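Participant: Starting off with a structure, shown below.
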There are 4 protein chains.
Amino acid sequence: MVNVGIAGASGYTGVELLRLLLRHPEVQLTVLTSETYQGRTVSEVFPSLSGLVDAPFVPLESEALDRCDVLFLALPHTTAMRQVPRFLKAGRRVIDLSADYRLNDPAAYEQWYRFRHEHPELLKEAVYGLPELHRDRIREAKLVANPGCYPTSIVLALAPLLSTDWGDADSIIADCKSGVSGAGRKTALPTQFAECNESVSAYGLTTHRHTPEIEQEVSALAGRDVRLSFSPHLMPMTRGMLSTIYVNLQKEVPPDTLAEHYRAHYQNERFVRVLPPGASANTHFVKYSNYCDLGLAIDPRTRRVILTSAIDNLVKGASGQAVQNMNLMLGLDEATALEAPGLFP
Amino acid sequence: MVNVGIAGASGYTGVELLRLLLRHPEVQLTVLTSETYQGRTVSEVFPSLSGLVDAPFVPLESEALDRCDVLFLALPHTTAMRQVPRFLKAGRRVIDLSADYRLNDPAAYEQWYRFRHEHPELLKEAVYGLPELHRDRIREAKLVANPGCYPTSIVLALAPLLSTDWGDADSIIADCKSGVSGAGRKTALPTQFAECNESVSAYGLTTHRHTPEIEQEVSALAGRDVRLSFSPHLMPMTRGMLSTIYVNLQKEVPPDTLAEHYRAHYQNERFVRVLPPGASANTHFVKYSNYCDLGLAIDPRTRRVILTSAIDNLVKGASGQAVQNMNLMLGLDEATALEAPGLFP
Amino acid sequence: MVNVGIAGASGYTGVELLRLLLRHPEVQLTVLTSETYQGRTVSEVFPSLSGLVDAPFVPLESEALDRCDVLFLALPHTTAMRQVPRFLKAGRRVIDLSADYRLNDPAAYEQWYRFRHEHPELLKEAVYGLPELHRDRIREAKLVANPGCYPTSIVLALAPLLSTDWGDADSIIADCKSGVSGAGRKTALPTQFAECNESVSAYGLTTHRHTPEIEQEVSALAGRDVRLSFSPHLMPMTRGMLSTIYVNLQKEVPPDTLAEHYRAHYQNERFVRVLPPGASANTHFVKYSNYCDLGLAIDPRTRRVILTSAIDNLVKGASGQAVQNMNLMLGLDEATALEAPGLFP
Amino acid sequence: MVNVGIAGASGYTGVELLRLLLRHPEVQLTVLTSETYQGRTVSEVFPSLSGLVDAPFVPLESEALDRCDVLFLALPHTTAMRQVPRFLKAGRRVIDLSADYRLNDPAAYEQWYRFRHEHPELLKEAVYGLPELHRDRIREAKLVANPGCYPTSIVLALAPLLSTDWGDADSIIADCKSGVSGAGRKTALPTQFAECNESVSAYGLTTHRHTPEIEQEVSALAGRDVRLSFSPHLMPMTRGMLSTIYVNLQKEVPPDTLAEHYRAHYQNERFVRVLPPGASANTHFVKYSNYCDLGLAIDPRTRRVILTSAIDNLVKGASGQAVQNMNLMLGLDEATALEAPGLFP
């Protein structure tokens with residue numbers, strides 16, 4: 001059994017890690033931290049887990065944390081940045097769900113997060129935890145930077161296309177729709193029920209912090225620097241993320257060719273499903289699961305590819321992917337504890 | 001491995017059986033029927049299950065169905081009534097999710113369902129599938145009548161109280177709130193999104209067909225004929241059911257005594273959780289799980305007990321309970337394939 | 001034109017007063033206060049009103065407030081308590097939407113609000129602002145205590161019944177379902193979208209502060225002290241309130257007789273609609289309107305009346321009723337600015 | 001008073017016309033047709049209007065319809081096509097909410113609707129009812145083709161930009177999000193609550209029938225044939241539509257210049273509001289109103305304009321705009337009966 005600790009276990013990604021890891025046959029949940037709820041038990045804070053886990057939340061400085069084999073950090077950014085060295089020094093393996101170690105370039109971090117990175121040397125060591133792109137490096141990593149939800153949905157949709165010369169990478173536009181849980185478990189006016197229910201709006205247009213992370217991965221896939229438009233929107237639902245992605249075609253591609261290419265590209269992937277021709281991705285079919293569903297459409301009139309990509313923002317977009325990364329790091333079957341289908345309805 | 005068939009697998013209780021049984025280690029899903037979708041595959045109809053099950057839907061008359069060891073009937077009432085003898089004759093074990101075999105008394109069936117029961121002799125053989133009340137009989141049963149969602153939530157809440165003389169059984173009022181999935185997967189105007197979203201209403205006041213089933217079980221617990229008020233309401237959410245139940249106290253009962261009695265009553269039950277003092281049940285914490293959460297309150301001013309009981313209408317209120325019954329019938333651990341916690345958020 | 005001020009105009013009842021009064025032909029909105037948003041304009045805070053009102057929010061101490069003819073107080077309780085004398089002294093007429101002046105008995109206030117009333121002498125002067133019960137006194141009042149949303153829906157449903165000896169007032173149980181906007185426009189964890197969406201729960205069982213207000217009015221109608229059970233529930237919707245009310249019958253009452261009695265009782269009321277036999281009230285049909293819809297059912301099996309009462313919690317349950325009260329106080333047509341139908345869908 | 005008839009008054013656009021026209025000071029609602037509900041009264045079908053209108057629904061062939069001064073057709077397409085000549089022949093003025101007379105080119109109609117237009121000669125006479133573009137022609141029109149909801153939101157957002165040479169019309173991409181009421185009041189599986197709640201998906205990618213209508217108006221504005229990408233999505237909310245529109249810039253445009261241009265363009269429009277710099281449009285602030293809110297953003301990194309445009313799909317996107325058109329046709333103040341602000345929350 002592997003001893004696992006979760007730092008910041010009382011947020012939405014934290015409780016999602018809890019529910020996934022509780023049923024992981026190789027994992028023992030040893031330490032759970034929460035500054036807000038320290039001293040209280042998990043089942044008090046999350047009655048959904050009552051009877052399943054009785055551990056109390058402890059503070060982040062708890063030394064027991066340092067003795068865990070694997071650490072998940074579900075902490076605010078900058079806090080995660082400062083905690084990572086502590087665990088690496090202790091020889092532990094770390095999966096950081098924050099954004100702090102996702103960017104290779106400390107200048108990009110400073111530009112978008114308006115904060116100078118305090119451990120730029122570790123950025124080289126960190127592996128971007130998108131298994132479908134970096135599986136081998138994740139297996140060996142000490143520090144995995146777990147991707148954001150938007151980047152996961154966008155990059156998985158684009159990867160097969162960017163392995164061809166069919167699309168114009170400079171034309172990429174990603175219009176993304178996210179459930180409210182993506183904003184985390186903190187009180188804020190815009191995420192109060194009566195504010196965001198029966199409401200659809202864009203936010204962070206042209207300035208959202210997931211942009212450099214998306215561009216880093218897309219650039220690597222394209223083999224050159226790419227800038228793209230990324231527009232997040234808030235949807236009146238708890239979970240789910242749909243990215244609709246537009247790319248201009250540079251040459252004629254028959255729909256069947258596109259579909260075959262996508263299916264071939266992902267044929268060995270357990271968690272990416274290429275939908276049948278004509279089908280668009282729907283968040284409803286991936287809810288609470290680790291799947292990413294991809295829909296393909298070509299508009300011959302405007303010579304554009306329109307990709308739709310659906311994930312559960314808290315599973316493949318966060319905690320499920322983190323568990324997938326842990327499985328890889330531990331040499332386990334990648335899908336352990338992640339086999340559940342999407343829950344419909 | 002047990003060969004299992006589901007008749008009527010393309011409704012909401014059907015797909016819920018599918019997703020639960022897919023991960024059941026002792027079960028092989030052999031035959032799935034659907035009149036609407038016969039010839040199409042499961043993953044076409046439910047993309048959430050894509051990659052997990054490839055079977056096609058077949059018609060109800062398919063002979064393969066008769067060769068299954070266990071049959072789940074997720075059929076409309078009267079259809080189920082007529083199918084049950086077919087499978088019993090073939091020596092199969094049947095779990096009927098319809099209402100057709102829940103009432104012991106064929107006259108009550110005729111009164112509430114306005115249809116003469118065609119197999120009244122089988123009503124004696126059928127066991128009402130509420131494991132917390134009838135576990136031993138379920139183990140031996142050939143035919144289990146799986147309870148309705150409202151009765152499950154109400155009867156589990158009342159059972160401990162009715163084992164005492166504290167409450168007045170003639171004063172029972174159950175005010176129940178159900179998610180829309182309880183109406184099934186058929187198109188109807190009242191369950192169209194724009195009709196029931198942002199809307200709360202009562203329906204079937206004084207006439208809902210779950211009434212005789214609730215009264216049958218409550219009467220058995222009380223040891224005498226009981227009539228009660230049962231008022232279902234439609235809530236703008238997909239899943240979940242909350243019953244708020246009022247009972248006049250006949251004697252003074254300290255809250256702690258009530259709580260201890262409930263905890264003792266359910267101490268060996270895996271799927272009933274008695275909440276801590278002061279807590280009310282919330283459907284959010286049992287979503288997608290087989291749990292029933294019970295909250296206890298006493299109002300000393302009006303000398304009433306107010307019970308709150310939360311289940312997922314499609315799990316403990318239907319398909320989860322059906323799997324629990326199957327586990328009992330097969331001598332398996334009762335919780336097999338049902339261990340998942342409530343999914344929050 | 002009447003000069004009107006709103007103290008606390010940036011909450012949900014405040015913005016609802018704004019949108020109603022903006023179209024009131026006899027009203028000029030002169031002063032709007034908000035501590036949170038002082039210095040900012042209405043259209044910055046509520047883009048829905050952009051282009052319709054340009055006034056800035058000012059602080060509560062603003063002297064301009066004292067010069068308004070009529071004041072609406074949409075302030076937290078205790079704050080309202082302390083502001084009322086200021087305006088009465090200045091000879092202004094006050095409609096207080098808080099709970100501070102609703103209870104005749106200062107001891108009841110202290111018991112339920114855990115705060116000693118600082119102006120108990122004004123409680124005698126205050127008129128409980130339910131026009132259907134106290135229209136004549138409202139017309140003359142200097143201080144109207146605008147009712148709570150739960151009491152409005154419950155008392156309007158019970159008033160006709162309590163004018164007879166048909167029901168047993170000691171048996172009254174009100175099971176109430178409210179939209180989330182009832183909790184006001186402040187950030188709190190339980191009203192965050194991801195917490196209360198897809199969730200139904202009871203709250204404040206046996207202890208909700210609207211209880212004494214309901215009992216005060218019901219007791220007055222019954223002609224004796226009445227205690228009743230009142231159970232509020234939170235619904236995953238923004239607006240609307242449904243109360244389902246149970247009363248034991250003391251004598252046999254034919255449904256038609258009940259219906260005729262209700263229709264006769266409310267025949268001259270503009271905002272109470274008695275639904276046709278068999279119909280239950282539905283919040284969907286009163287959304288954004290000042291109507292209260294009443295549904296009547298009798299259960300002959302249990303000898304109970306089951307009333308359903310639907311209002312919009314922010315209109316008839318708060319700001320609409322406040323405007324109705326103002327119209328009465330000013331000798332205007334009671335329905336001025338309140339004629340809009342329920343907005344469906 | 002103008003006698004008005006509504007053909008197809010029992011759908012969502014029908015009932016929305018009803019509630020708007022009920023309060024129109026110059027209109028008398030004379031005839032309401034519904035095939036589904038003929039013989040039943042409005043208040044039976046729409047309890048929200050109970051006490052406000054008592055008329056019965058009559059069949060479409062009712063001769064009284066021919067005697068109305070103005071007719072709103074809220075009928076399915078092809079049905080509307082065949083009814084229009086009947087009323088024009090009788091000398092009536094017609095506002096057709098279907099798509100049948102929106103396209104100038106009968107070939108485009110046949111291509112997208114897969115139906116040969118039976119009255120192509122009337123297409124020349126019909127005026128596309130977007131007042132902000134065609135106000136003068138609407139005033140004189142006998143037949144107004146009321147625009148679709150998507151085209152309204154998109155064309156209003158693009159019009160100011162297309163009056164300059166700043167953007168590349170060939171690069172236009174409109175990613176649109178619609179509430180479920182846009183699908184109308186008919187039962188269908190995809191719009192059942194449990195199917196589309198907690199779900200976001202694209203539909204009709206590359207094939208939606210509003211495409212030619214958008215391109216017709218955009219081409220006219222651009223002064224040349226334009227093809228664009230239009231991607232509709234279904235959102236889990238009842239009302240509201242947000243279009244996010246991407247256009248490549250051909251020259252550098254400072255954000256302030258863009259904002260000033262938009263404000264100047266729409267300075268005399270009552271129902272178009274250009275939001276302050278930095279603000280994105282939010283459907284929440286236009287719900288139940290006739291407003292179109294426009295948000296402007298420029299992404300200097302990718303040299304794109306990103307426009308956000310929010311309307312209520314049933315008001316400015318259908319029935320409100322139809323009333324606006326009627327006001328123009330009758331020489332009334334354009335905003336009569338349409339002054340209500342967005343209803344928040």
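Residue numbers start at 1 in each chain; chains themselves are named A, B, ... in the order of the structure tokens; ligands are numbered from 1 in the order shown.
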Output as a Markdown table one row per residue of chain D within 8 Å of chain A: the closest atom pair and its distance in Å to one decimal place, counting only C-alpha atoms, sorted by chain and residue number ascending.
Facilitator:
```
| residue | atom | partner | partner_atom | distance |
| --- | --- | --- | --- | --- |
| D:Asp175 | CA | A:Asp175 | CA | 7.2 |
| D:Lys177 | CA | A:Val200 | CA | 7.8 |
| D:Ala194 | CA | A:Pro345 | CA | 6.1 |
| D:Glu195 | CA | A:Pro345 | CA | 6.5 |
| D:Cys196 | CA | A:His284 | CA | 7.8 |
| D:Asn197 | CA | A:Met237 | CA | 7.7 |
| D:Glu198 | CA | A:Met237 | CA | 5.0 |
| D:Ser199 | CA | A:His284 | CA | 4.7 |
| D:Val200 | CA | A:Thr283 | CA | 5.6 |
| D:Ser201 | CA | A:Asn282 | CA | 4.5 |
| D:Ala202 | CA | A:Ser280 | CA | 6.1 |
| D:Tyr203 | CA | A:Ser280 | CA | 6.9 |
| D:Leu205 | CA | A:Ala297 | CA | 7.2 |
| D:Thr206 | CA | A:Asp299 | CA | 5.5 |
| D:Arg227 | CA | A:Thr302 | CA | 6.4 |
| D:Leu228 | CA | A:Thr302 | CA | 6.3 |
| D:Ser229 | CA | A:Thr302 | CA | 6.6 |
| D:Met235 | CA | A:Met235 | CA | 7.3 |
| D:Pro236 | CA | A:Pro236 | CA | 6.4 |
| D:Met237 | CA | A:Glu198 | CA | 5.0 |
| D:Thr238 | CA | A:Glu198 | CA | 6.8 |
| D:Arg239 | CA | A:Glu198 | CA | 7.1 |
| D:Gly240 | CA | A:Ser199 | CA | 7.3 |
| D:Met241 | CA | A:Val200 | CA | 7.7 |
| D:Leu242 | CA | A:Val200 | CA | 6.7 |
| D:Ser280 | CA | A:Ala202 | CA | 6.1 |
| D:Ala281 | CA | A:Ser201 | CA | 6.3 |
| D:Asn282 | CA | A:Ser201 | CA | 4.5 |
| D:Thr283 | CA | A:Ser199 | CA | 5.4 |
| D:His284 | CA | A:Ser199 | CA | 4.7 |
| D:Ala297 | CA | A:Leu205 | CA | 7.2 |
| D:Ile298 | CA | A:Thr206 | CA | 7.6 |
| D:Asp299 | CA | A:Thr206 | CA | 5.5 |
| D:Arg301 | CA | A:Arg227 | CA | 7.2 |
| D:Thr302 | CA | A:Leu228 | CA | 6.3 |
| D:Thr308 | CA | A:Ala202 | CA | 7.7 |
| D:Pro345 | CA | A:Ala194 | CA | 6.0 |
```
Participant: Would you mind exporting C-alpha atoms of the selected residues as a PDB file, in the first residue's frame?
Facilitator:
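As written to disk, out.pdb reads:
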```pdb
ATOM      1  CA  ASP D 175     -20.222  30.628 -31.083  1.00  0.00           C
ATOM      2  CA  LYS D 177     -25.307  29.629 -26.436  1.00  0.00           C
ATOM      3  CA  ALA D 194     -33.196  15.115 -17.121  1.00  0.00           C
ATOM      4  CA  GLU D 195     -31.561  15.068 -20.567  1.00  0.00           C
ATOM      5  CA  CYS D 196     -30.442  18.689 -20.869  1.00  0.00           C
ATOM      6  CA  ASN D 197     -30.052  19.747 -17.253  1.00  0.00           C
ATOM      7  CA  GLU D 198     -26.422  19.705 -16.093  1.00  0.00           C
ATOM      8  CA  SER D 199     -25.414  19.390 -19.729  1.00  0.00           C
ATOM      9  CA  VAL D 200     -23.812  21.577 -22.369  1.00  0.00           C
ATOM     10  CA  SER D 201     -23.572  20.512 -25.979  1.00  0.00           C
ATOM     11  CA  ALA D 202     -23.329  21.822 -29.505  1.00  0.00           C
ATOM     12  CA  TYR D 203     -26.019  20.942 -32.002  1.00  0.00           C
ATOM     13  CA  LEU D 205     -22.896  22.264 -36.254  1.00  0.00           C
ATOM     14  CA  THR D 206     -22.370  23.542 -39.820  1.00  0.00           C
ATOM     15  CA  ARG D 227     -19.712  33.032 -45.330  1.00  0.00           C
ATOM     16  CA  LEU D 228     -19.243  32.519 -41.633  1.00  0.00           C
ATOM     17  CA  SER D 229     -19.152  29.787 -39.032  1.00  0.00           C
ATOM     18  CA  MET D 235     -27.463  25.609 -22.258  1.00  0.00           C
ATOM     19  CA  PRO D 236     -29.176  24.309 -19.114  1.00  0.00           C
ATOM     20  CA  MET D 237     -31.318  27.381 -18.552  1.00  0.00           C
ATOM     21  CA  THR D 238     -34.763  28.412 -19.713  1.00  0.00           C
ATOM     22  CA  ARG D 239     -34.123  31.781 -21.286  1.00  0.00           C
ATOM     23  CA  GLY D 240     -31.300  33.769 -22.691  1.00  0.00           C
ATOM     24  CA  MET D 241     -28.858  33.706 -25.530  1.00  0.00           C
ATOM     25  CA  LEU D 242     -25.223  34.681 -25.608  1.00  0.00           C
ATOM     26  CA  SER D 280     -18.798  41.094 -21.152  1.00  0.00           C
ATOM     27  CA  ALA D 281     -22.452  40.641 -21.919  1.00  0.00           C
ATOM     28  CA  ASN D 282     -24.383  38.430 -19.522  1.00  0.00           C
ATOM     29  CA  THR D 283     -27.781  36.955 -20.328  1.00  0.00           C
ATOM     30  CA  HIS D 284     -28.820  37.482 -16.720  1.00  0.00           C
ATOM     31  CA  ALA D 297     -12.951  43.051 -26.268  1.00  0.00           C
ATOM     32  CA  ILE D 298      -9.815  43.240 -28.363  1.00  0.00           C
ATOM     33  CA  ASP D 299      -7.092  40.674 -28.013  1.00  0.00           C
ATOM     34  CA  ARG D 301      -1.973  39.127 -28.910  1.00  0.00           C
ATOM     35  CA  THR D 302      -4.038  37.472 -31.618  1.00  0.00           C
ATOM     36  CA  THR D 308     -20.336  39.245 -26.727  1.00  0.00           C
ATOM     37  CA  PRO D 345     -32.085  37.973 -10.247  1.00  0.00           C
TER      38      PRO D 345
END
```
Participant: Going by DSSP on the backbone, which residues of segment 134-282 of chain D come out as strand (DSSP E or B)? List them as a PyMOL selection string.
Facilitator: chain D and resi 143-145+167+173-178+192+201-202+229-234+241-249+272-274+282
Participant: Those same residues - N, CA, C and O atoms - I'd like them written as a tab-separated table (two decimals), in the first residue's frame.
Facilitator:
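The file below, again34.tsv, is the result:
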```tsv
chain	number	residue	atom	x	y	z
D	143	LEU	N	-45.73	42.92	-44.81
D	143	LEU	CA	-45.29	41.62	-44.31
D	143	LEU	C	-43.89	41.76	-43.72
D	143	LEU	O	-42.94	42.07	-44.44
D	144	VAL	N	-43.81	41.56	-42.42
D	144	VAL	CA	-42.51	41.60	-41.76
D	144	VAL	C	-42.10	40.19	-41.40
D	144	VAL	O	-42.88	39.45	-40.79
D	145	ALA	N	-40.90	39.82	-41.81
D	145	ALA	CA	-40.35	38.52	-41.44
D	145	ALA	C	-39.50	38.75	-40.19
D	145	ALA	O	-38.41	39.31	-40.26
D	167	GLY	N	-12.39	44.89	-39.60
D	167	GLY	CA	-12.37	43.44	-39.44
D	167	GLY	C	-12.42	42.72	-40.78
D	167	GLY	O	-12.85	43.27	-41.79
D	173	ILE	N	-16.55	34.09	-36.84
D	173	ILE	CA	-17.02	32.86	-36.18
D	173	ILE	C	-17.96	33.27	-35.06
D	173	ILE	O	-17.60	34.08	-34.21
D	174	ALA	N	-19.17	32.72	-35.07
D	174	ALA	CA	-20.14	33.02	-34.02
D	174	ALA	C	-20.42	31.75	-33.23
D	174	ALA	O	-20.99	30.79	-33.75
D	175	ASP	N	-19.99	31.77	-31.98
D	175	ASP	CA	-20.22	30.63	-31.08
D	175	ASP	C	-21.36	31.04	-30.14
D	175	ASP	O	-21.19	31.93	-29.31
D	176	CYS	N	-22.51	30.38	-30.28
D	176	CYS	CA	-23.73	30.87	-29.64
D	176	CYS	C	-24.27	29.88	-28.62
D	176	CYS	O	-24.20	28.67	-28.82
D	177	LYS	N	-24.80	30.43	-27.54
D	177	LYS	CA	-25.31	29.63	-26.44
D	177	LYS	C	-26.75	30.03	-26.17
D	177	LYS	O	-27.02	31.17	-25.82
D	178	SER	N	-27.65	29.06	-26.25
D	178	SER	CA	-29.08	29.37	-26.12
D	178	SER	C	-29.74	28.62	-24.97
D	178	SER	O	-29.44	27.45	-24.73
D	192	GLN	N	-36.06	17.24	-22.68
D	192	GLN	CA	-36.56	16.80	-21.38
D	192	GLN	C	-35.57	17.24	-20.31
D	192	GLN	O	-34.36	17.22	-20.51
D	201	SER	N	-23.96	21.18	-24.74
D	201	SER	CA	-23.57	20.51	-25.98
D	201	SER	C	-23.82	21.41	-27.18
D	201	SER	O	-24.65	22.32	-27.12
D	202	ALA	N	-23.08	21.16	-28.23
D	202	ALA	CA	-23.33	21.82	-29.50
D	202	ALA	C	-24.38	21.02	-30.26
D	202	ALA	O	-24.57	19.83	-30.02
D	229	SER	N	-18.88	30.98	-39.85
D	229	SER	CA	-19.15	29.79	-39.03
D	229	SER	C	-20.10	30.17	-37.92
D	229	SER	O	-19.87	31.15	-37.20
D	230	PHE	N	-21.14	29.38	-37.78
D	230	PHE	CA	-22.15	29.64	-36.75
D	230	PHE	C	-22.41	28.33	-36.01
D	230	PHE	O	-22.82	27.34	-36.61
D	231	SER	N	-22.14	28.33	-34.72
D	231	SER	CA	-22.23	27.10	-33.93
D	231	SER	C	-23.16	27.29	-32.74
D	231	SER	O	-22.79	27.90	-31.74
D	232	PRO	N	-24.37	26.76	-32.83
D	232	PRO	CA	-25.30	26.87	-31.71
D	232	PRO	C	-25.04	25.82	-30.63
D	232	PRO	O	-24.62	24.70	-30.94
D	233	HIS	N	-25.25	26.21	-29.39
D	233	HIS	CA	-25.11	25.29	-28.25
D	233	HIS	C	-26.34	25.40	-27.36
D	233	HIS	O	-26.92	26.47	-27.23
D	234	LEU	N	-26.66	24.28	-26.72
D	234	LEU	CA	-27.81	24.25	-25.81
D	234	LEU	C	-27.31	24.37	-24.37
D	234	LEU	O	-26.43	23.61	-23.94
D	241	MET	N	-29.74	34.09	-24.44
D	241	MET	CA	-28.86	33.71	-25.53
D	241	MET	C	-27.63	34.59	-25.48
D	241	MET	O	-27.74	35.81	-25.39
D	242	LEU	N	-26.47	33.94	-25.53
D	242	LEU	CA	-25.22	34.68	-25.61
D	242	LEU	C	-24.49	34.27	-26.87
D	242	LEU	O	-24.28	33.08	-27.10
D	243	SER	N	-24.12	35.25	-27.69
D	243	SER	CA	-23.28	34.96	-28.84
D	243	SER	C	-21.90	35.55	-28.59
D	243	SER	O	-21.77	36.72	-28.22
D	244	THR	N	-20.89	34.71	-28.76
D	244	THR	CA	-19.50	35.17	-28.67
D	244	THR	C	-18.96	35.13	-30.09
D	244	THR	O	-18.98	34.08	-30.73
D	245	ILE	N	-18.52	36.28	-30.56
D	245	ILE	CA	-18.22	36.41	-31.98
D	245	ILE	C	-16.77	36.86	-32.17
D	245	ILE	O	-16.33	37.81	-31.53
D	246	TYR	N	-16.07	36.14	-33.02
D	246	TYR	CA	-14.65	36.37	-33.25
D	246	TYR	C	-14.44	36.93	-34.65
D	246	TYR	O	-14.94	36.36	-35.62
D	247	VAL	N	-13.69	38.01	-34.75
D	247	VAL	CA	-13.36	38.58	-36.06
D	247	VAL	C	-11.88	38.99	-36.06
D	247	VAL	O	-11.43	39.68	-35.14
D	248	ASN	N	-11.16	38.56	-37.07
D	248	ASN	CA	-9.76	38.99	-37.20
D	248	ASN	C	-9.70	40.46	-37.59
D	248	ASN	O	-10.45	40.92	-38.46
D	249	LEU	N	-8.79	41.18	-36.95
D	249	LEU	CA	-8.60	42.59	-37.29
D	249	LEU	C	-7.66	42.71	-38.47
D	249	LEU	O	-6.65	42.00	-38.56
D	272	VAL	N	-30.50	48.65	-27.65
D	272	VAL	CA	-29.13	48.13	-27.73
D	272	VAL	C	-28.28	48.91	-26.74
D	272	VAL	O	-28.25	50.14	-26.77
D	273	ARG	N	-27.63	48.18	-25.84
D	273	ARG	CA	-26.78	48.84	-24.84
D	273	ARG	C	-25.33	48.39	-25.04
D	273	ARG	O	-25.04	47.19	-24.94
D	274	VAL	N	-24.45	49.33	-25.32
D	274	VAL	CA	-23.03	49.01	-25.43
D	274	VAL	C	-22.44	49.07	-24.02
D	274	VAL	O	-22.54	50.10	-23.35
D	282	ASN	N	-23.91	39.51	-20.38
D	282	ASN	CA	-24.38	38.43	-19.52
D	282	ASN	C	-25.89	38.31	-19.73
D	282	ASN	O	-26.62	39.30	-19.59
```
Participant: In terms of the shortest atom-to-atom distance over only C-alpha atoms, which of D:Glu140, D:Glu339, D:Glu132, D:Asp165 is closest to His265 of chain D?
Facilitator: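 That would be D:Glu132, the residue with the smallest distance to His265 of chain D.
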Participant: Tell me, in Å to one decimal, how far atom CA of Leu338 of chain C is from atom CA of Asn290 of chain C.
Facilitator: 6.3 Å
Participant: Could you check which of C:His117, C:Arg102, C:Lys251, C:Lys124 is closest to Thr78 of chain C, using only C-alpha atoms?
Facilitator: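 Of C:His117, C:Arg102, C:Lys251, C:Lys124, the one nearest Thr78 of chain C, counting only C-alpha atoms, is C:His117.
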Participant: Would you work out the distance separating atom CA of Tyr101 of chain A from atom CA of Ser153 of chain A, expressed in Å to one decimal?
Facilitator: 18.9 Å
Participant: Which residues are near Pro276 of chain C? Cut-off 12 Å, only C-alpha atoms, ignore same chain within fewer than 4 positions. Put them as a PyMOL selection string.
Facilitator: (chain C and resi 255-256+258-260+262-263+280-281+293-297) or (chain D and resi 43-44+47+50)
Participant: Store the residues picked out above in a file with C-alpha atoms, as a tab-separated table (two decimals), in the first residue's frame.
Facilitator:
```tsv
chain	number	residue	atom	x	y	z
C	255	PRO	CA	-64.57	19.97	-1.91
C	256	ASP	CA	-66.99	22.25	-3.71
C	258	LEU	CA	-64.35	24.55	0.34
C	259	ALA	CA	-63.71	25.96	-3.11
C	260	GLU	CA	-66.72	28.23	-3.02
C	262	TYR	CA	-62.25	30.34	-0.79
C	263	ARG	CA	-63.47	32.03	-3.96
C	280	SER	CA	-52.16	22.56	-7.29
C	281	ALA	CA	-50.29	25.82	-7.07
C	293	ASP	CA	-52.03	31.22	-6.27
C	294	LEU	CA	-53.96	28.90	-3.95
C	295	GLY	CA	-54.68	25.23	-4.62
C	296	LEU	CA	-57.20	23.27	-2.56
C	297	ALA	CA	-57.30	19.55	-1.94
D	43	SER	CA	-55.95	30.70	-18.40
D	44	GLU	CA	-56.43	26.94	-18.43
D	47	PRO	CA	-52.38	29.75	-15.42
D	50	SER	CA	-55.38	33.62	-15.19
```
